[in-house]
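Chemist: A single structure is presented below for examination.
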Amino acid sequence: MTEQTIPYLIAHRGYPACYPENTLAGLEAAMLAGTCFVEIDIQLSARRTPFLCHDDHLQRLTGTDHCLTQLDDSVINMLSVPYPDSGLASTPEAESLSDLITFCQLLQEWPWVTAFVEIKLESIAKFGLTATMDAILEVIHPYHKQCVIISFDARAVAFARRQDAARIGWVVPKWDNEHGIIAKQLAPEFLFCSTSRLPHDSHERWQGPWQWVVYTVNDSHTALRYADEGVFLIETDTIGALLQHPLLKKNACIQSL
């Protein structure tokens, strides 16, 4: 194994194997573990405030029968996401949902960390593309050097590019010729693809100026295999555990951990 075949790991929604997903506690734990990259999801509240949240409907996360896009900020601030059954000692029962500005302030304390900010389709559908993008871009503008807008919605990442985003990423929704053409038109810096879609043979992948990112990989053997296949950015739910691996920790951003 050479240095060139060791991937970088992306903390997918923070550290959801041990902490509530998309919460400040999980994201800070991932950064303390040595991640160079985090990935978060964004939904807008009824006031169009960007919150870190993957699902619009909150049943899975908070056990409540509500949609975040329909809630006022004051209600969202009272909700919490329980910890997974991870065996961590001395943890609180749950963590609050965070808004994007609070996360960006945390990110600023870790200037070597890059955040992939995924804009979710439900918010675009409810508020429209322009209103959604404007709300999110306004918040991240002071932190734009550390943030990369990504989305399944090609229009959203194209919008970010038109607003002078230096880097964008598209999450590939389907593997076919039509979407390959869209990828070439967008020419993003990053193409995200699920492990079930991305061909293992690099010659079968779409060719372009991007780096491939694969999700979600939770074991070191698979992560290193993807690096051998030319994929050097790997999303994982188990960032702290994987960065204990003697090879994978070589690309950690805090070498002492």
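A note on labels: chains of the structure tokens are A, B, ... as shown, every chain counts residues from 1, and ligands are counted from 1 in their shown order.
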Write out as a list in words the residues lying within 12 Å of Asp176 (chain A), counting only C-alpha atoms and excluding same-chain residues fewer than 2 positions away.
Modeler: Val172, Pro173, Lys174, Glu178, His179, Gly180, Ile181, Ile182, Ala183, Arg197, Leu198, Pro199, Glu204, Arg205 and Trp206 of chain A
Chemist: Near Arg60 (chain A), within 12 Å and counting only C-alpha atoms, which residues show up once chain neighbours fewer than 2 positions away are dropped, as a list of chain:residue names?
Modeler: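 Those residues are A:Pro20, A:Glu21, A:Cys53, A:His54, A:Asp55, A:Asp56, A:His57, A:Leu58, A:Thr62, A:Gly63, A:Thr64, A:Asp65, A:His66, A:Cys67, A:Ser80, A:Val81, A:Pro82, A:Pro84.
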Chemist: Store the residues picked out above in a file with all heavy atoms, as a tab-separated table (two decimals), in the first residue's frame.
Modeler:
chain	number	residue	atom	x	y	z
A	20	PRO	N	-25.99	11.50	17.36
A	20	PRO	CA	-27.12	11.84	16.48
A	20	PRO	C	-26.63	12.52	15.21
A	20	PRO	O	-25.78	13.41	15.26
A	20	PRO	CB	-27.96	12.79	17.34
A	20	PRO	CG	-27.59	12.46	18.75
A	20	PRO	CD	-26.14	12.08	18.70
A	21	GLU	N	-27.17	12.12	14.08
A	21	GLU	CA	-26.70	12.63	12.80
A	21	GLU	C	-26.97	14.12	12.64
A	21	GLU	O	-27.96	14.66	13.15
A	21	GLU	CB	-27.37	11.86	11.65
A	21	GLU	CG	-28.87	12.08	11.53
A	21	GLU	CD	-29.47	11.33	10.35
A	21	GLU	OE1	-29.37	10.09	10.32
A	21	GLU	OE2	-30.06	12.01	9.49
A	53	CYS	N	-30.42	18.97	8.69
A	53	CYS	CA	-31.41	17.91	8.81
A	53	CYS	C	-31.52	17.20	7.47
A	53	CYS	O	-31.63	17.86	6.43
A	53	CYS	CB	-32.77	18.49	9.21
A	53	CYS	SG	-33.98	17.25	9.73
A	54	HIS	N	-31.50	15.88	7.49
A	54	HIS	CA	-31.61	15.10	6.26
A	54	HIS	C	-33.06	14.97	5.81
A	54	HIS	O	-33.38	15.17	4.64
A	54	HIS	CB	-30.99	13.72	6.45
A	54	HIS	CG	-31.04	12.87	5.23
A	54	HIS	ND1	-32.14	12.10	4.89
A	54	HIS	CD2	-30.12	12.67	4.24
A	54	HIS	CE1	-31.90	11.47	3.75
A	54	HIS	NE2	-30.69	11.79	3.33
A	55	ASP	N	-33.93	14.60	6.73
A	55	ASP	CA	-35.33	14.35	6.39
A	55	ASP	C	-36.16	15.61	6.58
A	55	ASP	O	-35.96	16.37	7.52
A	55	ASP	CB	-35.92	13.26	7.30
A	55	ASP	CG	-35.14	11.95	7.23
A	55	ASP	OD1	-34.21	11.85	6.42
A	55	ASP	OD2	-35.49	11.04	8.00
A	56	ASP	N	-37.15	15.78	5.71
A	56	ASP	CA	-38.14	16.82	5.96
A	56	ASP	C	-39.12	16.32	7.03
A	56	ASP	O	-39.31	16.97	8.05
A	56	ASP	CB	-38.88	17.18	4.67
A	56	ASP	CG	-39.89	18.30	4.87
A	56	ASP	OD1	-39.79	19.02	5.89
A	56	ASP	OD2	-40.78	18.46	4.01
A	57	HIS	N	-39.72	15.16	6.79
A	57	HIS	CA	-40.59	14.58	7.82
A	57	HIS	C	-39.72	14.06	8.97
A	57	HIS	O	-38.76	13.34	8.75
A	57	HIS	CB	-41.44	13.45	7.24
A	57	HIS	CG	-42.54	13.03	8.16
A	57	HIS	ND1	-42.39	12.02	9.08
A	57	HIS	CD2	-43.80	13.52	8.34
A	57	HIS	CE1	-43.50	11.89	9.77
A	57	HIS	NE2	-44.37	12.78	9.35
A	58	LEU	N	-40.07	14.43	10.19
A	58	LEU	CA	-39.17	14.26	11.33
A	58	LEU	C	-39.41	13.01	12.16
A	58	LEU	O	-38.80	12.85	13.22
A	58	LEU	CB	-39.26	15.50	12.23
A	58	LEU	CG	-38.77	16.81	11.57
A	58	LEU	CD1	-39.08	17.99	12.46
A	58	LEU	CD2	-37.29	16.73	11.27
A	62	THR	N	-36.82	12.54	15.18
A	62	THR	CA	-37.26	13.10	16.47
A	62	THR	C	-38.48	12.38	17.04
A	62	THR	O	-38.88	12.69	18.17
A	62	THR	CB	-37.60	14.59	16.31
A	62	THR	OG1	-38.76	14.73	15.47
A	62	THR	CG2	-36.44	15.36	15.69
A	63	GLY	N	-39.07	11.46	16.27
A	63	GLY	CA	-40.27	10.78	16.74
A	63	GLY	C	-41.52	11.63	16.69
A	63	GLY	O	-42.53	11.28	17.31
A	64	THR	N	-41.49	12.73	15.96
A	64	THR	CA	-42.64	13.62	15.87
A	64	THR	C	-43.20	13.63	14.45
A	64	THR	O	-42.46	13.53	13.48
A	64	THR	CB	-42.26	15.06	16.26
A	64	THR	OG1	-41.19	15.51	15.41
A	64	THR	CG2	-41.81	15.12	17.71
A	65	ASP	N	-44.49	13.76	14.35
A	65	ASP	CA	-45.18	13.72	13.06
A	65	ASP	C	-45.28	15.13	12.49
A	65	ASP	O	-46.37	15.70	12.37
A	65	ASP	CB	-46.57	13.10	13.23
A	65	ASP	CG	-47.29	12.88	11.90
A	65	ASP	OD1	-46.60	12.88	10.85
A	65	ASP	OD2	-48.52	12.74	11.90
A	66	HIS	N	-44.14	15.69	12.14
A	66	HIS	CA	-44.07	17.05	11.60
A	66	HIS	C	-43.09	17.09	10.45
A	66	HIS	O	-42.18	16.27	10.37
A	66	HIS	CB	-43.63	18.04	12.67
A	66	HIS	CG	-44.52	18.14	13.86
A	66	HIS	ND1	-45.80	18.63	13.80
A	66	HIS	CD2	-44.30	17.80	15.16
A	66	HIS	CE1	-46.35	18.60	15.00
A	66	HIS	NE2	-45.46	18.09	15.84
A	67	CYS	N	-43.25	18.08	9.58
A	67	CYS	CA	-42.28	18.36	8.53
A	67	CYS	C	-41.52	19.62	8.92
A	67	CYS	O	-42.14	20.64	9.25
A	67	CYS	CB	-42.97	18.55	7.19
A	67	CYS	SG	-43.65	17.03	6.50
A	80	SER	N	-35.31	17.46	19.51
A	80	SER	CA	-34.00	16.83	19.74
A	80	SER	C	-33.96	15.47	19.08
A	80	SER	O	-34.99	14.84	18.84
A	80	SER	CB	-33.70	16.71	21.24
A	80	SER	OG	-34.71	15.94	21.88
A	81	VAL	N	-32.73	15.04	18.79
A	81	VAL	CA	-32.48	13.77	18.11
A	81	VAL	C	-31.78	12.84	19.10
A	81	VAL	O	-30.72	13.19	19.63
A	81	VAL	CB	-31.59	13.96	16.86
A	81	VAL	CG1	-31.43	12.65	16.11
A	81	VAL	CG2	-32.18	15.04	15.95
A	82	PRO	N	-32.34	11.66	19.40
A	82	PRO	CA	-31.72	10.77	20.39
A	82	PRO	C	-30.43	10.16	19.88
A	82	PRO	O	-30.19	10.04	18.68
A	82	PRO	CB	-32.79	9.70	20.61
A	82	PRO	CG	-33.61	9.71	19.35
A	82	PRO	CD	-33.61	11.13	18.87
A	84	PRO	N	-27.83	7.17	19.05
A	84	PRO	CA	-27.96	5.76	18.67
A	84	PRO	C	-27.44	4.87	19.79
A	84	PRO	O	-26.75	5.34	20.70
A	84	PRO	CB	-27.06	5.66	17.43
A	84	PRO	CG	-26.03	6.73	17.63
A	84	PRO	CD	-26.75	7.86	18.33
Chemist: Please return, as an NGL selection string, all residues of region 45-77 of chain A that DSSP assigns to alpha helix (DSSP H) on the basis of the backbone.
Modeler: :A and (59-62 or 73-76)
Chemist: Keeping only N, CA, C and O atoms, write the selected residues to a file as a JSON list (two decimals), in the first residue's frame.
Modeler:
[["chain", "number", "residue", "atom", "x", "y", "z"],
["A", 59, "GLN", "N", -40.28, 12.11, 11.71],
["A", 59, "GLN", "CA", -40.60, 10.93, 12.51],
["A", 59, "GLN", "C", -39.35, 10.10, 12.83],
["A", 59, "GLN", "O", -39.13, 9.69, 13.97],
["A", 60, "ARG", "N", -38.53, 9.82, 11.82],
["A", 60, "ARG", "CA", -37.35, 8.99, 12.05],
["A", 60, "ARG", "C", -36.37, 9.63, 13.01],
["A", 60, "ARG", "O", -35.77, 8.95, 13.86],
["A", 61, "LEU", "N", -36.19, 10.93, 12.90],
["A", 61, "LEU", "CA", -35.16, 11.60, 13.68],
["A", 61, "LEU", "C", -35.62, 11.98, 15.08],
["A", 61, "LEU", "O", -34.88, 11.80, 16.05],
["A", 62, "THR", "N", -36.82, 12.54, 15.18],
["A", 62, "THR", "CA", -37.26, 13.10, 16.47],
["A", 62, "THR", "C", -38.48, 12.38, 17.04],
["A", 62, "THR", "O", -38.88, 12.69, 18.17],
["A", 73, "ASP", "N", -39.08, 28.34, 13.54],
["A", 73, "ASP", "CA", -37.77, 28.11, 14.16],
["A", 73, "ASP", "C", -37.89, 27.81, 15.65],
["A", 73, "ASP", "O", -37.16, 26.97, 16.19],
["A", 74, "SER", "N", -38.81, 28.50, 16.33],
["A", 74, "SER", "CA", -38.94, 28.31, 17.78],
["A", 74, "SER", "C", -39.36, 26.88, 18.12],
["A", 74, "SER", "O", -38.94, 26.34, 19.15],
["A", 75, "VAL", "N", -40.17, 26.27, 17.27],
["A", 75, "VAL", "CA", -40.58, 24.88, 17.50],
["A", 75, "VAL", "C", -39.41, 23.93, 17.21],
["A", 75, "VAL", "O", -39.15, 22.99, 17.97],
["A", 76, "ILE", "N", -38.71, 24.18, 16.12],
["A", 76, "ILE", "CA", -37.56, 23.33, 15.76],
["A", 76, "ILE", "C", -36.51, 23.35, 16.86],
["A", 76, "ILE", "O", -35.91, 22.32, 17.19]]
Chemist: Mind giving me the straight-line distance from CA of Leu129 (chain A) to CA of Asp41 (chain A) in Å, one decimal?
Modeler: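 Calculated distance between CA of Leu129 (chain A) and CA of Asp41 (chain A) is 16.0 Å.
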Chemist: Write out as a VMD selection string all residues of region 71-228 of chain A that DSSP puts in strand (DSSP E) for this structure's backbone.
Modeler: chain A and resid 80 to 82 94 to 96 114 to 119 147 to 151 168 to 171 190 to 194 211 to 215
Chemist: Restricting the output to N, CA and C atoms, write the selected residues as a PDB file, in the first residue's frame.
Modeler:
ATOM      1  N   SER A  80     -35.307  17.457  19.514  1.00  0.00           N
ATOM      2  CA  SER A  80     -34.003  16.835  19.741  1.00  0.00           C
ATOM      3  C   SER A  80     -33.956  15.467  19.077  1.00  0.00           C
ATOM      4  N   VAL A  81     -32.729  15.042  18.785  1.00  0.00           N
ATOM      5  CA  VAL A  81     -32.480  13.767  18.113  1.00  0.00           C
ATOM      6  C   VAL A  81     -31.781  12.845  19.105  1.00  0.00           C
ATOM      7  N   PRO A  82     -32.345  11.664  19.396  1.00  0.00           N
ATOM      8  CA  PRO A  82     -31.723  10.773  20.385  1.00  0.00           C
ATOM      9  C   PRO A  82     -30.426  10.162  19.880  1.00  0.00           C
ATOM     10  N   ALA A  94     -30.041  13.062  24.162  1.00  0.00           N
ATOM     11  CA  ALA A  94     -30.338  13.566  22.821  1.00  0.00           C
ATOM     12  C   ALA A  94     -29.567  14.852  22.582  1.00  0.00           C
ATOM     13  N   GLU A  95     -29.559  15.271  21.305  1.00  0.00           N
ATOM     14  CA  GLU A  95     -28.936  16.537  20.909  1.00  0.00           C
ATOM     15  C   GLU A  95     -29.940  17.365  20.132  1.00  0.00           C
ATOM     16  N   SER A  96     -29.835  18.670  20.255  1.00  0.00           N
ATOM     17  CA  SER A  96     -30.738  19.575  19.541  1.00  0.00           C
ATOM     18  C   SER A  96     -30.371  19.653  18.070  1.00  0.00           C
ATOM     19  N   THR A 114     -13.107  20.902   5.381  1.00  0.00           N
ATOM     20  CA  THR A 114     -14.032  21.301   4.320  1.00  0.00           C
ATOM     21  C   THR A 114     -15.391  20.657   4.577  1.00  0.00           C
ATOM     22  N   ALA A 115     -16.460  21.428   4.404  1.00  0.00           N
ATOM     23  CA  ALA A 115     -17.819  20.926   4.598  1.00  0.00           C
ATOM     24  C   ALA A 115     -18.532  20.825   3.257  1.00  0.00           C
ATOM     25  N   PHE A 116     -19.040  19.640   2.951  1.00  0.00           N
ATOM     26  CA  PHE A 116     -19.933  19.459   1.816  1.00  0.00           C
ATOM     27  C   PHE A 116     -21.351  19.696   2.318  1.00  0.00           C
ATOM     28  N   VAL A 117     -21.997  20.710   1.766  1.00  0.00           N
ATOM     29  CA  VAL A 117     -23.308  21.165   2.242  1.00  0.00           C
ATOM     30  C   VAL A 117     -24.359  20.722   1.241  1.00  0.00           C
ATOM     31  N   GLU A 118     -25.116  19.679   1.598  1.00  0.00           N
ATOM     32  CA  GLU A 118     -26.091  19.116   0.661  1.00  0.00           C
ATOM     33  C   GLU A 118     -27.459  19.771   0.816  1.00  0.00           C
ATOM     34  N   ILE A 119     -27.940  20.329  -0.260  1.00  0.00           N
ATOM     35  CA  ILE A 119     -29.249  20.971  -0.275  1.00  0.00           C
ATOM     36  C   ILE A 119     -30.291  19.929  -0.665  1.00  0.00           C
ATOM     37  N   CYS A 147     -16.707  25.711   2.370  1.00  0.00           N
ATOM     38  CA  CYS A 147     -17.975  25.049   2.059  1.00  0.00           C
ATOM     39  C   CYS A 147     -18.085  24.734   0.569  1.00  0.00           C
ATOM     40  N   VAL A 148     -18.607  23.554   0.269  1.00  0.00           N
ATOM     41  CA  VAL A 148     -18.881  23.130  -1.097  1.00  0.00           C
ATOM     42  C   VAL A 148     -20.353  22.755  -1.177  1.00  0.00           C
ATOM     43  N   ILE A 149     -21.105  23.465  -2.017  1.00  0.00           N
ATOM     44  CA  ILE A 149     -22.523  23.145  -2.213  1.00  0.00           C
ATOM     45  C   ILE A 149     -22.640  21.874  -3.034  1.00  0.00           C
ATOM     46  N   ILE A 150     -23.453  20.919  -2.536  1.00  0.00           N
ATOM     47  CA  ILE A 150     -23.748  19.710  -3.298  1.00  0.00           C
ATOM     48  C   ILE A 150     -25.251  19.467  -3.246  1.00  0.00           C
ATOM     49  N   SER A 151     -25.750  18.677  -4.197  1.00  0.00           N
ATOM     50  CA  SER A 151     -27.174  18.348  -4.217  1.00  0.00           C
ATOM     51  C   SER A 151     -27.427  17.272  -5.256  1.00  0.00           C
ATOM     52  N   ILE A 168     -18.200  22.925  -6.615  1.00  0.00           N
ATOM     53  CA  ILE A 168     -19.537  22.373  -6.466  1.00  0.00           C
ATOM     54  C   ILE A 168     -19.450  20.855  -6.570  1.00  0.00           C
ATOM     55  N   GLY A 169     -20.494  20.195  -6.096  1.00  0.00           N
ATOM     56  CA  GLY A 169     -20.555  18.746  -6.211  1.00  0.00           C
ATOM     57  C   GLY A 169     -21.961  18.291  -6.547  1.00  0.00           C
ATOM     58  N   TRP A 170     -22.060  17.343  -7.450  1.00  0.00           N
ATOM     59  CA  TRP A 170     -23.356  16.785  -7.826  1.00  0.00           C
ATOM     60  C   TRP A 170     -23.456  15.359  -7.298  1.00  0.00           C
ATOM     61  N   VAL A 171     -24.618  15.056  -6.686  1.00  0.00           N
ATOM     62  CA  VAL A 171     -24.886  13.700  -6.219  1.00  0.00           C
ATOM     63  C   VAL A 171     -25.664  12.989  -7.322  1.00  0.00           C
ATOM     64  N   PHE A 190     -16.636  17.729  -7.814  1.00  0.00           N
ATOM     65  CA  PHE A 190     -16.874  16.463  -7.138  1.00  0.00           C
ATOM     66  C   PHE A 190     -18.133  15.805  -7.693  1.00  0.00           C
ATOM     67  N   LEU A 191     -18.056  14.515  -7.926  1.00  0.00           N
ATOM     68  CA  LEU A 191     -19.229  13.715  -8.276  1.00  0.00           C
ATOM     69  C   LEU A 191     -19.416  12.664  -7.193  1.00  0.00           C
ATOM     70  N   PHE A 192     -20.552  12.733  -6.506  1.00  0.00           N
ATOM     71  CA  PHE A 192     -20.884  11.795  -5.449  1.00  0.00           C
ATOM     72  C   PHE A 192     -21.739  10.680  -6.035  1.00  0.00           C
ATOM     73  N   CYS A 193     -21.421   9.436  -5.675  1.00  0.00           N
ATOM     74  CA  CYS A 193     -22.173   8.304  -6.204  1.00  0.00           C
ATOM     75  C   CYS A 193     -22.249   7.207  -5.146  1.00  0.00           C
ATOM     76  N   SER A 194     -23.386   6.540  -5.058  1.00  0.00           N
ATOM     77  CA  SER A 194     -23.537   5.463  -4.091  1.00  0.00           C
ATOM     78  C   SER A 194     -22.709   4.257  -4.509  1.00  0.00           C
ATOM     79  N   GLN A 211     -13.477  14.853  -9.102  1.00  0.00           N
ATOM     80  CA  GLN A 211     -13.052  13.755  -8.238  1.00  0.00           C
ATOM     81  C   GLN A 211     -14.294  12.941  -7.871  1.00  0.00           C
ATOM     82  N   TRP A 212     -14.173  11.621  -7.907  1.00  0.00           N
ATOM     83  CA  TRP A 212     -15.269  10.763  -7.491  1.00  0.00           C
ATOM     84  C   TRP A 212     -15.309  10.670  -5.971  1.00  0.00           C
ATOM     85  N   VAL A 213     -16.534  10.696  -5.445  1.00  0.00           N
ATOM     86  CA  VAL A 213     -16.781  10.478  -4.024  1.00  0.00           C
ATOM     87  C   VAL A 213     -17.791   9.339  -3.929  1.00  0.00           C
ATOM     88  N   VAL A 214     -17.505   8.337  -3.110  1.00  0.00           N
ATOM     89  CA  VAL A 214     -18.422   7.214  -2.979  1.00  0.00           C
ATOM     90  C   VAL A 214     -19.012   7.196  -1.566  1.00  0.00           C
ATOM     91  N   TYR A 215     -20.276   6.804  -1.486  1.00  0.00           N
ATOM     92  CA  TYR A 215     -20.950   6.682  -0.178  1.00  0.00           C
ATOM     93  C   TYR A 215     -21.806   5.425  -0.173  1.00  0.00           C
TER      94      TYR A 215
END
Chemist: Using only C-alpha atoms, which residues sit within 9 Å of Asn251 (chain A) once same-chain residues fewer than 4 positions away are excluded, as number ranges by chain?
Modeler: A: 3, 6-9, 34-36, 243, 247, 255
Chemist: Restricted to N, CA and C atoms, what would the selected residues look like written as a PDB file, in the first residue's frame?
Modeler:
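Just written: part_31.pdb:
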ATOM      1  N   GLU A   3       1.348   5.623  -0.395  1.00  0.00           N
ATOM      2  CA  GLU A   3       0.678   6.843   0.069  1.00  0.00           C
ATOM      3  C   GLU A   3      -0.416   7.270  -0.896  1.00  0.00           C
ATOM      4  N   ILE A   6      -4.130   5.768  -0.453  1.00  0.00           N
ATOM      5  CA  ILE A   6      -4.845   5.930   0.812  1.00  0.00           C
ATOM      6  C   ILE A   6      -5.903   7.010   0.630  1.00  0.00           C
ATOM      7  N   PRO A   7      -7.175   6.706   0.856  1.00  0.00           N
ATOM      8  CA  PRO A   7      -8.221   7.698   0.619  1.00  0.00           C
ATOM      9  C   PRO A   7      -8.341   8.690   1.774  1.00  0.00           C
ATOM     10  N   TYR A   8      -9.011   9.782   1.492  1.00  0.00           N
ATOM     11  CA  TYR A   8      -9.492  10.679   2.532  1.00  0.00           C
ATOM     12  C   TYR A   8     -10.921  10.283   2.875  1.00  0.00           C
ATOM     13  N   LEU A   9     -11.252  10.386   4.148  1.00  0.00           N
ATOM     14  CA  LEU A   9     -12.579  10.014   4.623  1.00  0.00           C
ATOM     15  C   LEU A   9     -13.418  11.262   4.874  1.00  0.00           C
ATOM     16  N   GLY A  34     -10.213  13.667  13.646  1.00  0.00           N
ATOM     17  CA  GLY A  34      -9.207  13.918  12.626  1.00  0.00           C
ATOM     18  C   GLY A  34      -9.722  13.992  11.203  1.00  0.00           C
ATOM     19  N   THR A  35     -11.034  14.080  11.010  1.00  0.00           N
ATOM     20  CA  THR A  35     -11.535  14.164   9.641  1.00  0.00           C
ATOM     21  C   THR A  35     -11.115  15.473   8.978  1.00  0.00           C
ATOM     22  N   CYS A  36     -10.853  15.396   7.699  1.00  0.00           N
ATOM     23  CA  CYS A  36     -10.566  16.595   6.906  1.00  0.00           C
ATOM     24  C   CYS A  36     -11.821  17.122   6.218  1.00  0.00           C
ATOM     25  N   LEU A 243     -10.629   6.040  11.286  1.00  0.00           N
ATOM     26  CA  LEU A 243      -9.390   6.812  11.409  1.00  0.00           C
ATOM     27  C   LEU A 243      -8.431   6.231  12.442  1.00  0.00           C
ATOM     28  N   LEU A 247      -3.372   2.725   8.231  1.00  0.00           N
ATOM     29  CA  LEU A 247      -3.194   3.384   6.936  1.00  0.00           C
ATOM     30  C   LEU A 247      -4.125   4.580   6.792  1.00  0.00           C
ATOM     31  N   GLN A 255      -2.852  14.528  13.086  1.00  0.00           N
ATOM     32  CA  GLN A 255      -2.049  13.321  13.068  1.00  0.00           C
ATOM     33  C   GLN A 255      -1.837  12.719  14.462  1.00  0.00           C
TER      34      GLN A 255
END
Chemist: Given only C-alpha atoms as the basis, pick out the residue of A:Ser202, A:Ser123, A:Thr238, A:Thr222 nearest to Ala135 (chain A).
Modeler: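 For Ala135 (chain A), the nearest of the given residues is A:Ser123.
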Chemist: Which residues come within 12 Å of Ala25 (chain A), counting only C-alpha atoms, excluding same-chain residues fewer than 3 positions away, as a list in words?
Modeler: Arg13, Gly14, Tyr15, Pro16, Cys18, Tyr19, Pro20, Glu21, Asn22, Glu28, Ala29, Ala30, Met31, Leu32, Val81, Pro82, Tyr83, Thr91, Pro92, Ala94, Glu95, Ser96, Leu97, Ser98, Phe103 and Leu106 of chain A
